[in-house]
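Q: See model.txt below, with compact mmCIF, C-alpha atoms.
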# COMPACT_ATOMS: atom_id res chain seq x y z
CA MET A 831 50.16 120.62 -68.13
CA LEU A 832 51.64 118.53 -65.35
CA ARG A 833 51.58 114.76 -65.73
CA SER A 834 50.55 114.45 -62.10
CA LEU A 835 47.18 116.08 -62.89
CA ASN A 836 46.24 113.28 -65.28
CA SER A 837 47.60 110.67 -62.89
CA GLY A 838 45.48 112.08 -60.09
CA VAL A 839 42.35 112.10 -62.25
CA SER A 840 42.92 108.48 -63.28
CA GLY A 841 43.32 107.56 -59.61
CA LEU A 842 40.05 109.28 -58.72
CA LYS A 843 38.22 107.38 -61.47
CA GLY A 844 39.71 104.08 -60.36
CA PHE A 845 38.88 104.48 -56.68
CA GLN A 846 35.38 105.70 -57.55
CA THR A 847 34.84 102.43 -59.43
CA LYS A 848 36.21 100.52 -56.44
CA LEU A 849 33.76 102.31 -54.14
CA ASP A 850 30.94 101.47 -56.57
CA VAL A 851 31.81 97.77 -56.40
CA ILE A 852 32.16 97.86 -52.60
CA GLY A 853 28.79 99.61 -52.31
CA ASN A 854 27.16 96.93 -54.44
CA ASN A 855 28.74 94.20 -52.31
CA ILE A 856 27.48 95.74 -49.07
CA ALA A 857 24.00 96.32 -50.54
CA ASN A 858 23.79 92.60 -51.36
CA VAL A 859 25.14 91.30 -48.06
CA ASN A 860 21.86 89.42 -47.45
CA THR A 861 21.05 88.52 -51.08
CA VAL A 862 20.61 84.78 -51.55
CA GLY A 863 23.32 83.28 -53.78
CA PHE A 864 25.09 86.62 -54.37
CA LYS A 865 28.79 86.54 -55.28
CA LYS A 866 30.90 89.58 -54.42
CA GLY A 867 33.02 91.57 -56.84
CA ARG A 868 36.65 92.63 -56.60
CA VAL A 869 38.44 95.46 -58.41
CA VAL A 870 42.01 94.97 -59.64
CA PHE A 871 44.02 97.98 -60.83
CA GLU A 872 46.85 98.19 -63.37
CA ASP A 873 49.10 101.01 -64.53
CA ILE A 874 48.23 102.60 -67.88
CA PHE A 875 51.67 103.10 -69.44
CA SER A 876 54.92 104.84 -68.68
CA GLN A 877 56.69 107.61 -70.58
CA THR A 878 60.27 106.58 -71.32
CA ILE A 879 62.64 109.48 -70.79
CA LYS A 880 65.80 107.45 -71.34
CA GLY A 881 66.16 103.90 -72.54
CA ALA A 882 68.33 101.18 -71.06
CA THR A 883 71.90 100.63 -72.26
CA GLY A 884 74.10 97.60 -71.85
CA PRO A 885 77.72 97.57 -70.65
CA THR A 886 80.40 98.18 -73.29
CA GLN A 887 83.75 96.45 -73.59
CA THR A 888 86.90 96.89 -75.61
CA ALA A 889 87.51 94.54 -78.50
CA GLY A 890 90.34 92.06 -78.56
CA ALA A 891 91.55 88.92 -76.85
CA ASN A 892 91.32 90.46 -73.39
CA PRO A 893 88.32 92.77 -73.42
CA ALA A 894 88.11 95.32 -70.64
CA PRO A 895 84.92 97.10 -69.59
CA LEU A 896 84.66 100.69 -70.80
CA SER A 897 81.35 101.55 -69.14
CA GLY A 898 78.58 99.89 -67.18
CA GLY A 899 74.97 99.52 -68.24
CA THR A 900 72.23 101.94 -67.26
CA ASN A 901 68.60 101.25 -66.39
CA PRO A 902 65.67 102.85 -68.19
CA ILE A 903 64.20 106.09 -66.82
CA GLN A 904 60.41 106.15 -66.97
CA VAL A 905 57.56 108.19 -65.50
CA GLY A 906 54.22 106.48 -64.91
CA LEU A 907 51.09 108.18 -66.22
CA GLY A 908 48.38 106.88 -63.93
CA THR A 909 46.20 103.85 -63.30
CA ARG A 910 43.07 102.19 -64.60
CA VAL A 911 40.75 99.33 -63.70
CA GLY A 912 42.32 96.13 -64.99
CA SER A 913 39.43 93.82 -64.12
CA ILE A 914 36.35 93.49 -61.94
CA ASP A 915 36.27 89.85 -60.89
CA THR A 916 33.31 87.94 -59.50
CA LEU A 917 34.53 85.74 -56.65
CA HIS A 918 32.63 82.44 -56.66
CA THR A 919 33.64 81.37 -53.18
CA PRO A 920 30.88 79.47 -51.32
CA GLY A 921 28.48 81.45 -49.17
CA SER A 922 27.32 80.29 -45.76
CA PRO A 923 24.33 77.91 -45.77
CA THR A 924 21.35 78.87 -43.66
CA THR A 925 18.66 76.39 -42.61
CA THR A 926 15.07 77.21 -43.61
CA ASN A 927 13.40 73.77 -43.25
CA ILE A 928 11.44 74.50 -46.44
CA GLY A 929 11.59 71.53 -48.79
CA THR A 930 11.82 73.58 -51.98
CA ASP A 931 14.73 75.70 -50.70
CA LEU A 932 17.87 74.16 -52.16
CA TYR A 933 21.55 74.65 -51.35
CA LEU A 934 24.32 73.48 -53.67
CA ASP A 935 27.32 72.01 -51.87
CA GLY A 936 29.96 72.30 -54.58
CA ASP A 937 30.96 74.32 -57.63
CA ALA A 938 27.76 74.11 -59.65
CA PHE A 939 24.69 76.10 -60.67
CA PHE A 940 20.97 75.56 -61.01
CA VAL A 941 19.41 76.30 -64.40
CA VAL A 942 16.20 78.33 -64.80
CA GLU A 943 14.24 79.22 -67.92
CA ASN A 944 12.08 82.27 -68.65
CA ALA A 945 8.92 82.50 -70.75
CA SER A 946 11.04 83.00 -73.91
CA GLN A 947 12.84 79.71 -73.17
CA LYS A 948 16.09 81.53 -72.52
CA GLN A 949 18.09 79.74 -69.86
CA PHE A 950 20.16 81.24 -67.06
CA LEU A 951 22.38 79.94 -64.28
CA THR A 952 21.87 80.74 -60.61
CA ARG A 953 23.03 79.81 -57.13
CA ALA A 954 19.85 81.15 -55.53
CA GLY A 955 17.81 78.06 -54.66
CA ASN A 956 14.76 79.74 -53.10
CA PHE A 957 12.27 77.85 -55.28
CA THR A 958 8.50 77.40 -54.89
CA LEU A 959 5.62 75.58 -56.58
CA ASP A 960 3.12 77.52 -58.68
CA SER A 961 -0.57 76.63 -59.09
CA SER A 962 0.30 74.15 -61.87
CA ASN A 963 2.84 72.32 -59.66
CA ASN A 964 5.76 73.75 -61.64
CA LEU A 965 8.95 74.35 -59.67
CA VAL A 966 9.82 78.03 -60.20
CA ASN A 967 12.14 80.67 -58.76
CA GLN A 968 11.11 83.98 -57.17
CA ASN A 969 10.60 85.57 -60.60
CA GLY A 970 8.40 82.80 -61.96
CA MET A 971 11.14 81.23 -64.10
CA PHE A 972 10.92 77.47 -64.50
CA VAL A 973 13.55 75.34 -62.81
CA VAL A 974 15.14 73.11 -65.45
CA GLY A 975 15.63 69.41 -64.85
CA GLN A 976 18.56 67.21 -65.84
CA ASP A 977 16.67 66.27 -69.01
CA GLY A 978 16.49 69.93 -70.08
CA GLY A 979 12.73 70.31 -69.47
CA LYS A 980 10.83 72.13 -66.76
CA ILE A 981 10.02 70.29 -63.53
CA THR A 982 6.33 69.63 -62.90
CA ILE A 983 5.32 67.54 -59.88
CA PRO A 984 2.61 65.01 -60.86
CA ASP A 985 -0.76 65.49 -59.13
CA GLN A 986 -0.81 61.88 -57.91
CA TYR A 987 1.65 62.67 -55.12
CA ILE A 988 0.51 64.30 -51.89
CA THR A 989 3.99 65.61 -51.15
CA PHE A 990 7.58 65.15 -52.25
CA SER A 991 11.18 65.50 -51.15
CA ILE A 992 14.52 66.09 -52.90
CA ASP A 993 17.52 63.90 -52.15
CA ALA A 994 21.24 64.76 -52.30
CA ASN A 995 21.46 63.79 -55.97
CA GLY A 996 18.65 66.19 -56.88
CA SER A 997 16.16 63.38 -57.55
CA ILE A 998 12.56 64.16 -56.61
CA ILE A 999 10.94 61.48 -54.44
CA GLY A 1000 7.13 61.51 -54.45
CA VAL A 1001 4.88 60.32 -51.63
CA ASN A 1002 1.69 58.44 -52.60
CA PRO A 1003 -1.59 58.79 -50.69
CA ASP A 1004 -0.91 55.43 -49.00
CA GLY A 1005 2.37 56.76 -47.59
CA THR A 1006 4.73 54.88 -49.89
CA SER A 1007 7.58 56.70 -51.61
CA GLU A 1008 8.84 56.33 -55.15
CA ASP A 1009 11.23 58.04 -57.53
CA THR A 1010 9.28 60.36 -59.82
CA GLY A 1011 11.97 60.22 -62.52
CA LEU A 1012 12.46 63.98 -62.17
CA LYS A 1013 15.84 65.39 -61.22
CA ILE A 1014 17.03 68.93 -60.49
CA GLY A 1015 19.45 70.02 -63.20
CA THR A 1016 22.87 71.21 -62.02
CA ILE A 1017 25.83 72.16 -64.18
CA ALA A 1018 29.48 73.01 -63.61
CA VAL A 1019 31.41 75.43 -65.83
CA ASP A 1020 35.15 75.57 -66.43
CA ASN A 1021 35.56 79.26 -65.55
CA PRO A 1022 32.79 80.69 -63.32
CA LYS A 1023 34.45 84.13 -63.42
CA GLY A 1024 33.64 84.23 -67.12
CA LEU A 1025 29.87 84.21 -66.47
CA LEU A 1026 27.93 87.38 -67.22
CA LYS A 1027 25.71 88.78 -64.46
CA ALA A 1028 22.18 89.19 -65.82
CA GLY A 1029 20.45 90.61 -62.72
CA GLY A 1030 18.00 88.84 -60.45
CA SER A 1031 20.81 86.62 -59.08
CA LEU A 1032 21.14 85.12 -62.57
CA TYR A 1033 24.14 84.50 -64.82
CA SER A 1034 24.42 84.06 -68.57
CA LEU A 1035 26.84 81.56 -70.08
CA THR A 1036 29.64 83.12 -72.18
CA PRO A 1037 32.29 81.51 -74.42
CA ASN A 1038 34.94 82.33 -71.81
CA ALA A 1039 33.02 80.52 -69.07
CA ASP A 1040 32.63 77.25 -70.98
CA SER A 1041 32.79 76.26 -74.63
CA ALA A 1042 29.86 73.83 -74.28
CA SER A 1043 26.15 74.74 -74.33
CA ILE A 1044 23.87 74.62 -71.30
CA ALA A 1045 22.10 71.58 -72.78
CA THR A 1046 25.41 69.71 -73.02
CA LEU A 1047 26.43 70.72 -69.51
CA LEU A 1048 23.05 69.53 -68.16
CA THR A 1049 23.63 66.12 -69.73
CA GLU A 1050 27.07 65.92 -68.12
CA GLY A 1051 25.69 67.02 -64.73
CA SER A 1052 27.88 68.00 -61.79
CA ASN A 1053 29.32 66.51 -58.62
CA ALA A 1054 27.60 69.03 -56.34
CA GLN A 1055 25.21 67.76 -53.70
CA VAL A 1056 21.72 69.23 -53.41
CA ILE A 1057 20.72 69.95 -49.82
CA ALA A 1058 17.01 70.58 -49.33
CA GLY A 1059 15.76 72.91 -46.59
CA ALA A 1060 18.71 75.32 -46.81
CA LEU A 1061 19.82 78.34 -48.82
CA GLU A 1062 23.21 79.75 -49.75
CA MET A 1063 23.67 83.27 -48.44
CA SER A 1064 25.91 85.96 -49.89
CA ASN A 1065 29.68 85.45 -49.66
CA VAL A 1066 30.19 89.12 -48.72
CA ASP A 1067 32.33 89.63 -45.60
CA LEU A 1068 31.29 92.95 -44.06
CA SER A 1069 34.51 93.42 -42.10
CA GLU A 1070 36.55 92.96 -45.28
CA GLU A 1071 34.32 95.29 -47.30
CA LEU A 1072 34.43 98.06 -44.69
CA THR A 1073 38.22 97.79 -44.53
CA GLU A 1074 38.41 98.00 -48.33
CA MET A 1075 36.08 101.01 -48.21
CA ILE A 1076 38.47 102.82 -45.86
CA THR A 1077 41.38 101.99 -48.18
CA ALA A 1078 39.46 103.27 -51.21
CA GLN A 1079 38.43 106.43 -49.37
CA ARG A 1080 42.02 107.23 -48.37
CA GLY A 1081 43.21 106.49 -51.90
CA PHE A 1082 40.57 108.86 -53.27
CA GLN A 1083 41.67 111.57 -50.81
CA ALA A 1084 45.35 111.09 -51.69
CA ASN A 1085 44.66 111.43 -55.41
CA SER A 1086 42.57 114.53 -54.71
CA LYS A 1087 45.58 115.95 -52.88
CA ILE A 1088 47.79 115.27 -55.91
CA ILE A 1089 45.43 117.38 -58.04
CA THR A 1090 45.36 120.15 -55.42
CA VAL A 1091 49.16 120.32 -55.15
CA SER A 1092 49.54 120.25 -58.94
CA ASP A 1093 47.08 123.12 -59.18
CA GLN A 1094 49.09 125.10 -56.62
CA ILE A 1095 52.27 124.55 -58.64
CA LEU A 1096 50.54 125.77 -61.80
CA GLU A 1097 49.29 128.80 -59.90
CA GLU A 1098 52.86 129.61 -58.84
CA LEU A 1099 54.00 129.35 -62.46
CA VAL A 1100 51.23 131.67 -63.65
CA ASN A 1101 52.11 134.19 -60.94
CA LEU A 1102 55.78 134.34 -61.94
CA LYS A 1103 54.84 137.21 -64.25
CA ARG A 1104 53.11 139.91 -62.20
The structure in this file should be written as structure tokens.
A:
Amino acid sequence: MLRSLNSGVSGLKGFQTKLDVIGNNIANVNTVGFKKGRVVFEDIFSQTIKGATGPTQTAGANPAPLSGGTNPIQVGLGTRVGSIDTLHTPGSPTTTNIGTDLYLDGDAFFVVENASQKQFLTRAGNFTLDSSNNLVNQNGMFVVGQDGGKITIPDQYITFSIDANGSIIGVNPDGTSEDTGLKIGTIAVDNPKGLLKAGGSLYSLTPNADSASIATLLTEGSNAQVIAGALEMSNVDLSEELTEMITAQRGFQANSKIITVSDQILEELVNLKR
């Protein structure tokens, strides 16, 4: 069979994956804290028809060139997806004026914990209070404090606020304010691209993201500022995604044409004997 058939099929698979990633990006254009994906292609391997040779010279005190060198002759055999990166560029903040909505200004993550005490990272700061005054996310997961425990607002305070350091300031019935001793936990990882998406705008820590544990990273903290009354929106740029979609569509069509032309050539070969 023709090599171009396999090359065309590999191109179709690659651009289909690219369209899948673009579709997911566009679907999450308004998802709080969403980070877009990017597909990077690489060639599979090349068949070497002729290897490279170096120039040759005569032996002796005054060597003279006999022949020049030649370059290798290779035919590529298609493409594949090299990586699908998650781009952790900051999304645009939007003001909500809700005190429990938090925006992180910097390269850091909030930490939330489910009922099984498994912890996840997130940039989605749309938190609320439950009936027990626990600070939770939209799925009922507990927001983890800097001390590693869940954040529960004491009943003695009539209201509270969150400052730029993540500290929770309570307001007493007489109108005085005091530090509750509670602080929103934020962590920074060495390689955010190494995080594993776990769904629900959550990420799981992997060995390639950071060698330390979440508990250790919480103790270290981060330099990000916590801004109350705002949320981080998706970092998806619709104009960029639509342009990439056109590029992927044309690439898909071009690879389809390669398969069509290869099929026509094979048909001509079959029809040589009539």
Q: Can you write out as CSV which residues of segment 1012-1032 of chain A fall within 9 Å of segment 952-971 of chain A, alongside each residue's closest atom pair and its distance in Å to one decimal, counting only C-alpha atoms and ordering rows by chain and ascending residue number?
A:
residue,atom,partner,partner_atom,distance
A:Gly1030,CA,A:Asn969,CA,8.1
A:Ser1031,CA,A:Thr952,CA,6.2
A:Leu1032,CA,A:Thr952,CA,4.9
Q: By how many Å are atom CA of Thr1016 of chain A and atom CA of Gln1055 of chain A apart?
A: 9.3 Å
Q: Quick one: axis-aligned box around all listed atoms of segment 1067-1079 of chain A, 3 Å on every side, centre and edge lengths in Å to one decimal, written as lines of an AutoDock Vina configuration file.
A:
center_x = 36.3
center_y = 98.0
center_z = -46.7
size_x = 16.1
size_y = 22.8
size_z = 15.1
Q: Let me make sure I understand: among A:Glu1097, A:Glu872, A:Asp993, A:Asp1004, which one has the smallest atom-to-atom distance to Thr930 of chain A if we use all atoms listed in the file?
A: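 Closest to Thr930 of chain A, using all atoms listed in the file: A:Asp993.
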Q: Rounded to one decimal place, report the atom CA of Lys1087 of chain A-atom CA of Leu907 of chain A distance in Å.
A: 16.4 Å
Q: Could you give me, as a list in words, the residues within 7 Å of segment 1036-1040 of chain A, counting only C-alpha atoms and dropping anything in the same chain fewer than 4 positions from it?
A: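 Here the qualifying residues turn out to be Val1019, Asp1020, Asn1021, Pro1022, Lys1023, Gly1024, Leu1025 and Leu1026 of chain A.
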Q: Atom CA of Ser876 of chain A and atom CA of Gln904 of chain A are how many Å apart?
A: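 Pair atom CA of Ser876 of chain A / atom CA of Gln904 of chain A returns 5.9 Å.
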Q: Counting all atoms listed in the file, write as a compact mmCIF listing (two decimals) with C-alpha atoms, in the coordinates of the input all protein and nucleic acid residues lying at most 7 Å from (44.7, 96.9, -63.4) in the file's frame.
A:
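Output saved as selection12.txt:
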# COMPACT_ATOMS: atom_id res chain seq x y z
CA VAL A 870 42.01 94.97 -59.64
CA PHE A 871 44.02 97.98 -60.83
CA GLU A 872 46.85 98.19 -63.37
CA ASP A 873 49.10 101.01 -64.53
CA ARG A 910 43.07 102.19 -64.60
CA VAL A 911 40.75 99.33 -63.70
CA GLY A 912 42.32 96.13 -64.99
CA SER A 913 39.43 93.82 -64.12
